[in-house]
>>> print(open('my_file_9.pdb').read())   # PDB, C-alpha atoms, pLDDT in the B column
ATOM      1  CA  MET A   3     129.977  95.015 128.229  1.00 60.00           C
ATOM      2  CA  PRO A   4     128.799  92.933 131.200  1.00 71.00           C
ATOM      3  CA  TYR A   5     127.235  89.522 130.684  1.00 72.00           C
ATOM      4  CA  ASP A   6     123.429  89.626 130.634  1.00 74.00           C
ATOM      5  CA  ALA A   7     121.373  86.503 131.277  1.00 72.00           C
ATOM      6  CA  THR A   8     118.397  87.908 129.331  1.00 76.00           C
ATOM      7  CA  CYS A   9     117.312  90.887 127.289  1.00 85.00           C
ATOM      8  CA  SER A  10     113.950  92.414 126.469  1.00 90.00           C
ATOM      9  CA  LEU A  11     112.122  91.247 123.375  1.00 93.00           C
ATOM     10  CA  TRP A  12     111.833  94.819 122.098  1.00 93.00           C
ATOM     11  CA  PRO A  13     113.881  97.850 123.196  1.00 89.00           C
ATOM     12  CA  ARG A  14     111.077 100.443 123.221  1.00 86.00           C
ATOM     13  CA  GLN A  15     108.058  99.575 125.356  1.00 86.00           C
ATOM     14  CA  ASP A  16     106.076 102.597 124.100  1.00 88.00           C
ATOM     15  CA  GLU A  17     106.280 101.684 120.415  1.00 91.00           C
ATOM     16  CA  ALA A  18     103.113 100.276 118.798  1.00 93.00           C
ATOM     17  CA  PHE A  19     102.191  99.857 115.158  1.00 97.00           C
ATOM     18  CA  PHE A  20      99.112  97.685 114.749  1.00 97.00           C
ATOM     19  CA  ARG A  21      97.045  97.984 117.936  1.00 95.00           C
ATOM     20  CA  GLU A  22      94.050  99.469 116.168  1.00 95.00           C
ATOM     21  CA  ARG A  23      94.000  97.043 113.243  1.00 96.00           C
ATOM     22  CA  VAL A  24      91.527  94.185 113.163  1.00 97.00           C
ATOM     23  CA  PHE A  25      92.778  90.779 112.039  1.00 98.00           C
ATOM     24  CA  GLN A  26      90.501  87.859 111.225  1.00 97.00           C
ATOM     25  CA  PRO A  27      91.570  84.296 111.985  1.00 98.00           C
ATOM     26  CA  ILE A  28      91.590  81.932 109.012  1.00 97.00           C
ATOM     27  CA  GLN A  29      91.691  78.148 109.252  1.00 98.00           C
ATOM     28  CA  GLN A  30      94.474  76.576 107.246  1.00 97.00           C
ATOM     29  CA  GLN A  31      93.767  73.908 104.664  1.00 97.00           C
ATOM     30  CA  GLY A  32      96.493  71.277 104.769  1.00 95.00           C
ATOM     31  CA  PRO A  33     100.031  71.934 106.025  1.00 95.00           C
ATOM     32  CA  HIS A  34      99.974  75.657 105.253  1.00 97.00           C
ATOM     33  CA  CYS A  35     100.290  77.477 108.574  1.00 98.00           C
ATOM     34  CA  VAL A  36     102.891  79.974 107.277  1.00 98.00           C
ATOM     35  CA  SER A  37     100.910  81.038 104.216  1.00 98.00           C
ATOM     36  CA  THR A  38      97.755  81.223 106.334  1.00 98.00           C
ATOM     37  CA  VAL A  39      99.474  83.467 108.897  1.00 98.00           C
ATOM     38  CA  LEU A  40     100.610  85.727 106.061  1.00 98.00           C
ATOM     39  CA  ALA A  41      97.020  85.817 104.820  1.00 98.00           C
ATOM     40  CA  ILE A  42      95.748  86.731 108.292  1.00 98.00           C
ATOM     41  CA  LEU A  43      98.255  89.592 108.469  1.00 98.00           C
ATOM     42  CA  THR A  44      97.593  90.965 104.982  1.00 98.00           C
ATOM     43  CA  GLY A  45      93.911  90.231 104.413  1.00 97.00           C
ATOM     44  CA  ARG A  46      94.765  88.156 101.335  1.00 97.00           C
ATOM     45  CA  THR A  47      94.312  84.439 100.720  1.00 98.00           C
ATOM     46  CA  PRO A  48      96.811  81.748 101.753  1.00 98.00           C
ATOM     47  CA  GLU A  49      97.017  80.579  98.138  1.00 97.00           C
ATOM     48  CA  GLU A  50      98.532  83.922  97.139  1.00 97.00           C
ATOM     49  CA  PHE A  51     101.611  83.048  99.224  1.00 97.00           C
ATOM     50  CA  GLN A  52     101.925  79.335  98.512  1.00 96.00           C
ATOM     51  CA  GLY A  53     104.732  78.656  96.076  1.00 92.00           C
ATOM     52  CA  ARG A  54     106.117  82.188  96.609  1.00 94.00           C
ATOM     53  CA  ILE A  55     107.609  81.672 100.056  1.00 97.00           C
ATOM     54  CA  ASN A  56     109.922  79.155 101.656  1.00 96.00           C
ATOM     55  CA  THR A  57     108.266  77.936 104.866  1.00 94.00           C
ATOM     56  CA  GLN A  58     111.701  77.666 106.512  1.00 92.00           C
ATOM     57  CA  ASP A  59     112.903  81.132 105.432  1.00 96.00           C
ATOM     58  CA  PRO A  60     111.481  84.065 107.421  1.00 97.00           C
ATOM     59  CA  VAL A  61     113.162  86.507 105.037  1.00 98.00           C
ATOM     60  CA  SER A  62     110.788  85.270 102.322  1.00 98.00           C
ATOM     61  CA  TRP A  63     107.846  85.791 104.704  1.00 98.00           C
ATOM     62  CA  SER A  64     108.973  89.330 105.408  1.00 98.00           C
ATOM     63  CA  GLU A  65     109.287  90.047 101.696  1.00 98.00           C
ATOM     64  CA  ALA A  66     105.775  88.649 101.134  1.00 98.00           C
ATOM     65  CA  LEU A  67     104.377  91.042 103.772  1.00 98.00           C
ATOM     66  CA  GLN A  68     105.518  94.026 101.714  1.00 97.00           C
ATOM     67  CA  VAL A  69     102.195  93.875  99.815  1.00 97.00           C
ATOM     68  CA  ALA A  70     100.608  95.183 103.031  1.00 98.00           C
ATOM     69  CA  ASN A  71     103.414  97.654 103.915  1.00 98.00           C
ATOM     70  CA  MET A  72     104.674  95.328 106.652  1.00 98.00           C
ATOM     71  CA  LYS A  73     107.807  93.353 107.392  1.00 98.00           C
ATOM     72  CA  LEU A  74     109.151  91.165 110.190  1.00 98.00           C
ATOM     73  CA  ALA A  75     111.645  92.231 112.833  1.00 98.00           C
ATOM     74  CA  TYR A  76     113.569  89.643 114.832  1.00 96.00           C
ATOM     75  CA  CYS A  77     113.030  89.414 118.580  1.00 96.00           C
ATOM     76  CA  PRO A  78     115.878  87.873 120.589  1.00 94.00           C
ATOM     77  CA  THR A  79     114.765  84.551 122.051  1.00 92.00           C
ATOM     78  CA  ASP A  80     116.026  81.126 122.943  1.00 91.00           C
ATOM     79  CA  VAL A  81     114.336  77.735 123.070  1.00 92.00           C
ATOM     80  CA  ARG A  82     112.440  78.366 126.335  1.00 94.00           C
ATOM     81  CA  LYS A  83     108.741  77.594 126.319  1.00 96.00           C
ATOM     82  CA  LEU A  84     106.578  80.451 125.049  1.00 98.00           C
ATOM     83  CA  LYS A  85     104.954  80.860 128.468  1.00 98.00           C
ATOM     84  CA  TYR A  86     108.206  82.480 129.625  1.00 96.00           C
ATOM     85  CA  TYR A  87     107.795  85.225 126.993  1.00 97.00           C
ATOM     86  CA  MET A  88     104.026  85.644 126.940  1.00 98.00           C
ATOM     87  CA  ALA A  89     103.609  88.304 129.667  1.00 97.00           C
ATOM     88  CA  GLU A  90     106.228  90.530 128.026  1.00 96.00           C
ATOM     89  CA  LEU A  91     104.683  90.016 124.576  1.00 97.00           C
ATOM     90  CA  VAL A  92     101.182  90.843 125.789  1.00 98.00           C
ATOM     91  CA  ALA A  93     102.515  93.909 127.646  1.00 97.00           C
ATOM     92  CA  LEU A  94     103.951  95.199 124.352  1.00 97.00           C
ATOM     93  CA  ASP A  95     100.323  95.135 123.145  1.00 97.00           C
ATOM     94  CA  ASP A  96     100.969  94.884 119.421  1.00 98.00           C
ATOM     95  CA  LEU A  97     101.448  92.345 116.606  1.00 98.00           C
ATOM     96  CA  PHE A  98     103.794  89.344 116.518  1.00 98.00           C
ATOM     97  CA  THR A  99     104.277  85.965 114.924  1.00 98.00           C
ATOM     98  CA  LEU A 100     105.140  83.137 117.292  1.00 98.00           C
ATOM     99  CA  SER A 101     106.709  79.955 115.974  1.00 98.00           C
ATOM    100  CA  TYR A 102     107.101  76.937 118.201  1.00 97.00           C
ATOM    101  CA  TYR A 103     108.107  73.311 118.034  1.00 96.00           C
ATOM    102  CA  THR A 104     105.113  71.005 118.134  1.00 95.00           C
ATOM    103  CA  ARG A 105     106.899  68.238 120.038  1.00 89.00           C
ATOM    104  CA  ASN A 106     107.649  68.689 123.710  1.00 85.00           C
ATOM    105  CA  ASP A 107     110.657  66.393 123.583  1.00 87.00           C
ATOM    106  CA  PRO A 108     113.830  68.471 124.063  1.00 86.00           C
ATOM    107  CA  ALA A 109     115.948  65.609 122.709  1.00 87.00           C
ATOM    108  CA  ALA A 110     113.968  65.693 119.444  1.00 87.00           C
ATOM    109  CA  ILE A 111     114.153  69.491 119.195  1.00 90.00           C
ATOM    110  CA  LEU A 112     117.915  69.525 119.731  1.00 89.00           C
ATOM    111  CA  GLY A 113     118.576  66.285 117.873  1.00 90.00           C
ATOM    112  CA  ASP A 114     120.387  65.746 114.621  1.00 93.00           C
ATOM    113  CA  PRO A 115     118.294  65.867 111.444  1.00 91.00           C
ATOM    114  CA  ASP A 116     117.329  62.693 109.630  1.00 92.00           C
ATOM    115  CA  GLU A 117     118.609  61.840 106.137  1.00 94.00           C
ATOM    116  CA  ARG A 118     116.098  64.301 104.590  1.00 93.00           C
ATOM    117  CA  GLY A 119     117.177  67.145 106.903  1.00 89.00           C
ATOM    118  CA  TRP A 120     114.033  66.901 109.080  1.00 88.00           C
ATOM    119  CA  VAL A 121     114.378  67.557 112.812  1.00 90.00           C
ATOM    120  CA  THR A 122     110.860  68.053 114.182  1.00 92.00           C
ATOM    121  CA  GLY A 123     107.607  69.792 113.343  1.00 93.00           C
ATOM    122  CA  SER A 124     106.680  73.351 114.184  1.00 96.00           C
ATOM    123  CA  HIS A 125     103.721  75.706 113.961  1.00 98.00           C
ATOM    124  CA  ILE A 126     103.231  79.461 113.640  1.00 98.00           C
ATOM    125  CA  VAL A 127     100.477  81.674 115.063  1.00 98.00           C
ATOM    126  CA  VAL A 128      99.708  85.378 115.206  1.00 98.00           C
ATOM    127  CA  LEU A 129      99.673  87.242 118.516  1.00 98.00           C
ATOM    128  CA  HIS A 130      97.650  90.448 118.268  1.00 98.00           C
ATOM    129  CA  ARG A 131      97.554  92.322 121.552  1.00 98.00           C
ATOM    130  CA  ASP A 132      96.357  89.573 123.952  1.00 98.00           C
ATOM    131  CA  GLN A 133      94.861  87.157 121.431  1.00 98.00           C
ATOM    132  CA  ILE A 134      96.408  84.233 119.579  1.00 98.00           C
ATOM    133  CA  LEU A 135      95.022  83.805 116.059  1.00 98.00           C
ATOM    134  CA  ASP A 136      95.721  80.178 115.276  1.00 98.00           C
ATOM    135  CA  PRO A 137      95.519  79.017 111.659  1.00 98.00           C
ATOM    136  CA  GLN A 138      95.192  75.406 112.793  1.00 98.00           C
ATOM    137  CA  THR A 139      91.810  76.080 114.416  1.00 98.00           C
ATOM    138  CA  GLY A 140      90.819  79.308 112.665  1.00 98.00           C
ATOM    139  CA  GLN A 141      90.017  80.737 116.095  1.00 98.00           C
ATOM    140  CA  ALA A 142      91.183  83.568 118.357  1.00 98.00           C
ATOM    141  CA  THR A 143      92.155  82.480 121.885  1.00 98.00           C
ATOM    142  CA  ASP A 144      93.368  84.272 125.002  1.00 98.00           C
ATOM    143  CA  ALA A 145      97.177  84.368 124.751  1.00 98.00           C
ATOM    144  CA  PHE A 146      97.752  82.949 128.220  1.00 98.00           C
ATOM    145  CA  SER A 147      95.482  79.951 127.711  1.00 98.00           C
ATOM    146  CA  HIS A 148      96.596  78.942 124.196  1.00 98.00           C
ATOM    147  CA  ARG A 149      98.424  75.615 123.956  1.00 97.00           C
ATOM    148  CA  CYS A 150     101.513  77.311 122.462  1.00 98.00           C
ATOM    149  CA  ASN A 151     102.557  78.350 125.982  1.00 98.00           C
ATOM    150  CA  ASP A 152     103.615  74.783 126.744  1.00 97.00           C
ATOM    151  CA  HIS A 153     105.822  74.462 123.672  1.00 97.00           C
ATOM    152  CA  HIS A 154     109.422  75.464 123.046  1.00 96.00           C
ATOM    153  CA  THR A 155     110.123  78.641 121.081  1.00 97.00           C
ATOM    154  CA  LYS A 156     111.420  78.405 117.543  1.00 96.00           C
ATOM    155  CA  ARG A 157     111.145  82.084 116.504  1.00 97.00           C
ATOM    156  CA  ILE A 158     109.425  85.293 117.540  1.00 98.00           C
ATOM    157  CA  PHE A 159     109.044  88.195 115.133  1.00 98.00           C
ATOM    158  CA  ARG A 160     107.414  91.549 115.619  1.00 98.00           C
ATOM    159  CA  VAL A 161     105.419  92.818 112.657  1.00 98.00           C
ATOM    160  CA  VAL A 162     106.542  96.353 111.871  1.00 98.00           C
ATOM    161  CA  PRO A 163     105.766  98.896 109.134  1.00 98.00           C
ATOM    162  CA  LEU A 164     107.788  98.517 105.961  1.00 97.00           C
ATOM    163  CA  ASP A 165     109.615 101.803 106.594  1.00 97.00           C
ATOM    164  CA  HIS A 166     110.706 100.842 110.141  1.00 96.00           C
ATOM    165  CA  PRO A 167     114.513 100.872 110.468  1.00 94.00           C
ATOM    166  CA  ARG A 168     114.547  97.421 112.047  1.00 92.00           C
ATOM    167  CA  GLY A 169     113.537  94.290 110.209  1.00 92.00           C
ATOM    168  CA  LEU A 170     114.362  91.520 107.789  1.00 87.00           C
TER     169      LEU A 170
END
>>> encode(input="my_file_9.pdb", output="structure tokens")
Amino acid sequence: MPYDATCSLWPRQDEAFFRERVFQPIQQQGPHCVSTVLAILTGRTPEEFQGRINTQDPVSWSEALQVANMKLAYCPTDVRKLKYYMAELVALDDLFTLSYYTRNDPAAILGDPDERGWVTGSHIVVLHRDQILDPQTGQATDAFSHRCNDHHTKRIFRVVPLDHPRGL
């Protein structure tokens, strides 16, 4: 197989699952962006997920989404800034979670962890079609103008139906 410098985020451009759904932004209370994103996706409350998920374990997030017949599917990415993925994500016109590092210091992102295992902070938002639903603000924002574009990618997941063959 020849060496490829990049690959698409999703193999089928015609596949869509949640275009017609309506999702309401919710503002997080305290450091609970993951549980708030899960609440946005499922229509439940953030408190229903707190204590049930590990904020550093996307498999636990995917399992939590089962209550809404959803799960997460990995999208191949690297640490590039989200602005390098945004046009392709918006063109897919569906539902994603975008996680990014909150510091713009590549040395901190790639640095060794401290004695507690901490490297640097991160945040997660929902991308639905062309709108970012940000739990930090509780607002929906145009995907191309949201501040996440200037931050380095941690993870990108597509939200897919529970019975989809791909997923965590």
>>> resolve_selection(input="my_file_9.pdb", expression="the PyMOL selection byres ((chain A and resi 82) around 6)", output="list in words")
Asp80, Val81, Lys83, His154 and Thr155 of chain A
>>> closest_residue(input="my_file_9.pdb", among="A:Leu40, A:Ser147, A:Arg23, A:Pro78", to="A:Glu65", atoms="all atoms listed in the file")
A:Leu40
>>> residues_near_point(input="my_file_9.pdb", point="(104.0, 72.4, 104.7)", cutoff="12 Å", atoms="only C-alpha atoms", output="PDB file with C-alpha atoms, in the coordinates of the input")
ATOM      1  CA  GLN A  30      94.474  76.576 107.246  1.00 97.00           C
ATOM      2  CA  GLN A  31      93.767  73.908 104.664  1.00 97.00           C
ATOM      3  CA  GLY A  32      96.493  71.277 104.769  1.00 95.00           C
ATOM      4  CA  PRO A  33     100.031  71.934 106.025  1.00 95.00           C
ATOM      5  CA  HIS A  34      99.974  75.657 105.253  1.00 97.00           C
ATOM      6  CA  CYS A  35     100.290  77.477 108.574  1.00 98.00           C
ATOM      7  CA  VAL A  36     102.891  79.974 107.277  1.00 98.00           C
ATOM      8  CA  SER A  37     100.910  81.038 104.216  1.00 98.00           C
ATOM      9  CA  THR A  38      97.755  81.223 106.334  1.00 98.00           C
ATOM     10  CA  GLN A  52     101.925  79.335  98.512  1.00 96.00           C
ATOM     11  CA  GLY A  53     104.732  78.656  96.076  1.00 92.00           C
ATOM     12  CA  ILE A  55     107.609  81.672 100.056  1.00 97.00           C
ATOM     13  CA  ASN A  56     109.922  79.155 101.656  1.00 96.00           C
ATOM     14  CA  THR A  57     108.266  77.936 104.866  1.00 94.00           C
ATOM     15  CA  GLN A  58     111.701  77.666 106.512  1.00 92.00           C
ATOM     16  CA  GLY A 123     107.607  69.792 113.343  1.00 93.00           C
ATOM     17  CA  SER A 124     106.680  73.351 114.184  1.00 96.00           C
ATOM     18  CA  HIS A 125     103.721  75.706 113.961  1.00 98.00           C
ATOM     19  CA  ILE A 126     103.231  79.461 113.640  1.00 98.00           C
TER      20      ILE A 126
END
>>> residues_near_point(input="my_file_9.pdb", point="(100.9, 89.5, 104.8)", cutoff="8 Å", atoms="all atoms listed in the file", output="list in words")
Val39, Leu40, Ala41, Ile42, Leu43, Thr44, Gly45, Arg46, Trp63, Ala66, Leu67, Gln68, Val69, Ala70 and Met72 of chain A
>>> resolve_selection(input="my_file_9.pdb", expression="the PyMOL selection byres ((chain A and resi 91) around 12)", output="PDB file with C-alpha atoms, keeping the file's coordinate frame")
ATOM      1  CA  SER A  10     113.950  92.414 126.469  1.00 90.00           C
ATOM      2  CA  LEU A  11     112.122  91.247 123.375  1.00 93.00           C
ATOM      3  CA  TRP A  12     111.833  94.819 122.098  1.00 93.00           C
ATOM      4  CA  GLN A  15     108.058  99.575 125.356  1.00 86.00           C
ATOM      5  CA  ALA A  18     103.113 100.276 118.798  1.00 93.00           C
ATOM      6  CA  CYS A  77     113.030  89.414 118.580  1.00 96.00           C
ATOM      7  CA  THR A  79     114.765  84.551 122.051  1.00 92.00           C
ATOM      8  CA  LEU A  84     106.578  80.451 125.049  1.00 98.00           C
ATOM      9  CA  LYS A  85     104.954  80.860 128.468  1.00 98.00           C
ATOM     10  CA  TYR A  86     108.206  82.480 129.625  1.00 96.00           C
ATOM     11  CA  TYR A  87     107.795  85.225 126.993  1.00 97.00           C
ATOM     12  CA  MET A  88     104.026  85.644 126.940  1.00 98.00           C
ATOM     13  CA  ALA A  89     103.609  88.304 129.667  1.00 97.00           C
ATOM     14  CA  GLU A  90     106.228  90.530 128.026  1.00 96.00           C
ATOM     15  CA  VAL A  92     101.182  90.843 125.789  1.00 98.00           C
ATOM     16  CA  ALA A  93     102.515  93.909 127.646  1.00 97.00           C
ATOM     17  CA  LEU A  94     103.951  95.199 124.352  1.00 97.00           C
ATOM     18  CA  ASP A  95     100.323  95.135 123.145  1.00 97.00           C
ATOM     19  CA  ASP A  96     100.969  94.884 119.421  1.00 98.00           C
ATOM     20  CA  LEU A  97     101.448  92.345 116.606  1.00 98.00           C
ATOM     21  CA  PHE A  98     103.794  89.344 116.518  1.00 98.00           C
ATOM     22  CA  THR A  99     104.277  85.965 114.924  1.00 98.00           C
ATOM     23  CA  LEU A 100     105.140  83.137 117.292  1.00 98.00           C
ATOM     24  CA  VAL A 128      99.708  85.378 115.206  1.00 98.00           C
ATOM     25  CA  LEU A 129      99.673  87.242 118.516  1.00 98.00           C
ATOM     26  CA  HIS A 130      97.650  90.448 118.268  1.00 98.00           C
ATOM     27  CA  ARG A 131      97.554  92.322 121.552  1.00 98.00           C
ATOM     28  CA  ASP A 132      96.357  89.573 123.952  1.00 98.00           C
ATOM     29  CA  GLN A 133      94.861  87.157 121.431  1.00 98.00           C
ATOM     30  CA  ILE A 134      96.408  84.233 119.579  1.00 98.00           C
ATOM     31  CA  ALA A 145      97.177  84.368 124.751  1.00 98.00           C
ATOM     32  CA  PHE A 146      97.752  82.949 128.220  1.00 98.00           C
ATOM     33  CA  ASN A 151     102.557  78.350 125.982  1.00 98.00           C
ATOM     34  CA  ILE A 158     109.425  85.293 117.540  1.00 98.00           C
ATOM     35  CA  PHE A 159     109.044  88.195 115.133  1.00 98.00           C
ATOM     36  CA  ARG A 160     107.414  91.549 115.619  1.00 98.00           C
TER      37      ARG A 160
END
>>> residues_around(input="my_file_9.pdb", residues="A:Asn71", least_positions_apart="5", cutoff="9 Å", atoms="all atoms listed in the file", output="VMD selection string")
chain A and resid 44 162 to 165
>>> axis_aligned_box(input="my_file_9.pdb", around="stretch 30-49 of chain A", padding_each_side="4 Å", output="JSON")
{"center_x": 98.3, "center_y": 81.1, "center_z": 103.5, "size_x": 17.1, "size_y": 27.7, "size_z": 18.8}
>>> decode(input="my_file_9.pdb", residues="stretch 48-58 of chain A", atoms="all heavy atoms", output="short mmCIF file (atom, residue, chain, number, x, y, z; two decimals), in the first residue's frame")
data_model
loop_
_atom_site.label_atom_id
_atom_site.label_comp_id
_atom_site.auth_asym_id
_atom_site.auth_seq_id
_atom_site.Cartn_x
_atom_site.Cartn_y
_atom_site.Cartn_z
N PRO A 48 -26.64 16.88 32.44
CA PRO A 48 -25.23 16.53 32.66
C PRO A 48 -25.03 15.68 33.91
O PRO A 48 -24.19 14.77 33.92
CB PRO A 48 -24.55 17.90 32.82
CG PRO A 48 -25.43 18.86 32.10
CD PRO A 48 -26.83 18.34 32.29
N GLU A 49 -25.82 15.93 34.94
CA GLU A 49 -25.68 15.19 36.19
C GLU A 49 -25.91 13.69 36.02
O GLU A 49 -25.36 12.89 36.77
CB GLU A 49 -26.65 15.76 37.25
CG GLU A 49 -26.32 17.18 37.69
CD GLU A 49 -26.76 18.25 36.68
OE1 GLU A 49 -27.58 17.97 35.78
OE2 GLU A 49 -26.25 19.38 36.80
N GLU A 50 -26.72 13.32 35.03
CA GLU A 50 -26.96 11.90 34.78
C GLU A 50 -25.70 11.16 34.33
O GLU A 50 -25.63 9.93 34.46
CB GLU A 50 -28.06 11.72 33.74
CG GLU A 50 -29.43 12.14 34.23
CD GLU A 50 -30.50 11.94 33.18
OE1 GLU A 50 -30.70 10.79 32.74
OE2 GLU A 50 -31.14 12.94 32.81
N PHE A 51 -24.71 11.90 33.82
CA PHE A 51 -23.49 11.28 33.32
C PHE A 51 -22.32 11.43 34.28
O PHE A 51 -21.36 10.67 34.21
CB PHE A 51 -23.13 11.85 31.95
CG PHE A 51 -24.20 11.63 30.93
CD1 PHE A 51 -25.06 12.65 30.57
CD2 PHE A 51 -24.38 10.37 30.37
CE1 PHE A 51 -26.06 12.44 29.64
CE2 PHE A 51 -25.38 10.15 29.44
CZ PHE A 51 -26.23 11.18 29.08
N GLN A 52 -22.38 12.39 35.16
CA GLN A 52 -21.29 12.64 36.09
C GLN A 52 -21.19 11.48 37.07
O GLN A 52 -22.18 11.03 37.63
CB GLN A 52 -21.50 13.97 36.81
CG GLN A 52 -21.40 15.13 35.85
CD GLN A 52 -21.95 16.43 36.39
OE1 GLN A 52 -22.26 16.55 37.57
NE2 GLN A 52 -22.07 17.42 35.52
N GLY A 53 -19.97 11.00 37.25
CA GLY A 53 -19.75 9.83 38.10
C GLY A 53 -19.94 8.51 37.39
O GLY A 53 -19.59 7.46 37.93
N ARG A 54 -20.49 8.53 36.17
CA ARG A 54 -20.69 7.30 35.39
C ARG A 54 -19.68 7.17 34.27
O ARG A 54 -19.54 6.10 33.69
CB ARG A 54 -22.09 7.30 34.77
CG ARG A 54 -23.19 7.14 35.80
CD ARG A 54 -24.56 6.96 35.15
NE ARG A 54 -24.53 6.15 33.95
CZ ARG A 54 -25.20 6.44 32.83
NH1 ARG A 54 -25.95 7.51 32.76
NH2 ARG A 54 -25.13 5.65 31.78
N ILE A 55 -19.04 8.29 33.91
CA ILE A 55 -18.08 8.27 32.81
C ILE A 55 -16.71 8.69 33.32
O ILE A 55 -16.59 9.34 34.36
CB ILE A 55 -18.50 9.22 31.67
CG1 ILE A 55 -18.64 10.65 32.20
CG2 ILE A 55 -19.77 8.74 30.99
CD1 ILE A 55 -18.45 11.71 31.16
N ASN A 56 -15.70 8.32 32.58
CA ASN A 56 -14.34 8.79 32.82
C ASN A 56 -14.08 9.86 31.76
O ASN A 56 -14.15 9.57 30.56
CB ASN A 56 -13.35 7.64 32.68
CG ASN A 56 -11.92 8.05 32.86
OD1 ASN A 56 -11.54 9.21 32.62
ND2 ASN A 56 -11.09 7.11 33.25
N THR A 57 -13.80 11.08 32.18
CA THR A 57 -13.64 12.18 31.22
C THR A 57 -12.47 11.97 30.26
O THR A 57 -12.40 12.63 29.22
CB THR A 57 -13.47 13.54 31.93
OG1 THR A 57 -12.29 13.49 32.73
CG2 THR A 57 -14.69 13.86 32.77
N GLN A 58 -11.57 11.06 30.57
CA GLN A 58 -10.43 10.78 29.69
C GLN A 58 -10.61 9.47 28.91
O GLN A 58 -9.68 9.02 28.25
CB GLN A 58 -9.13 10.73 30.51
CG GLN A 58 -8.83 12.04 31.20
CD GLN A 58 -8.79 13.22 30.24
OE1 GLN A 58 -8.11 13.18 29.21
NE2 GLN A 58 -9.54 14.26 30.55
#
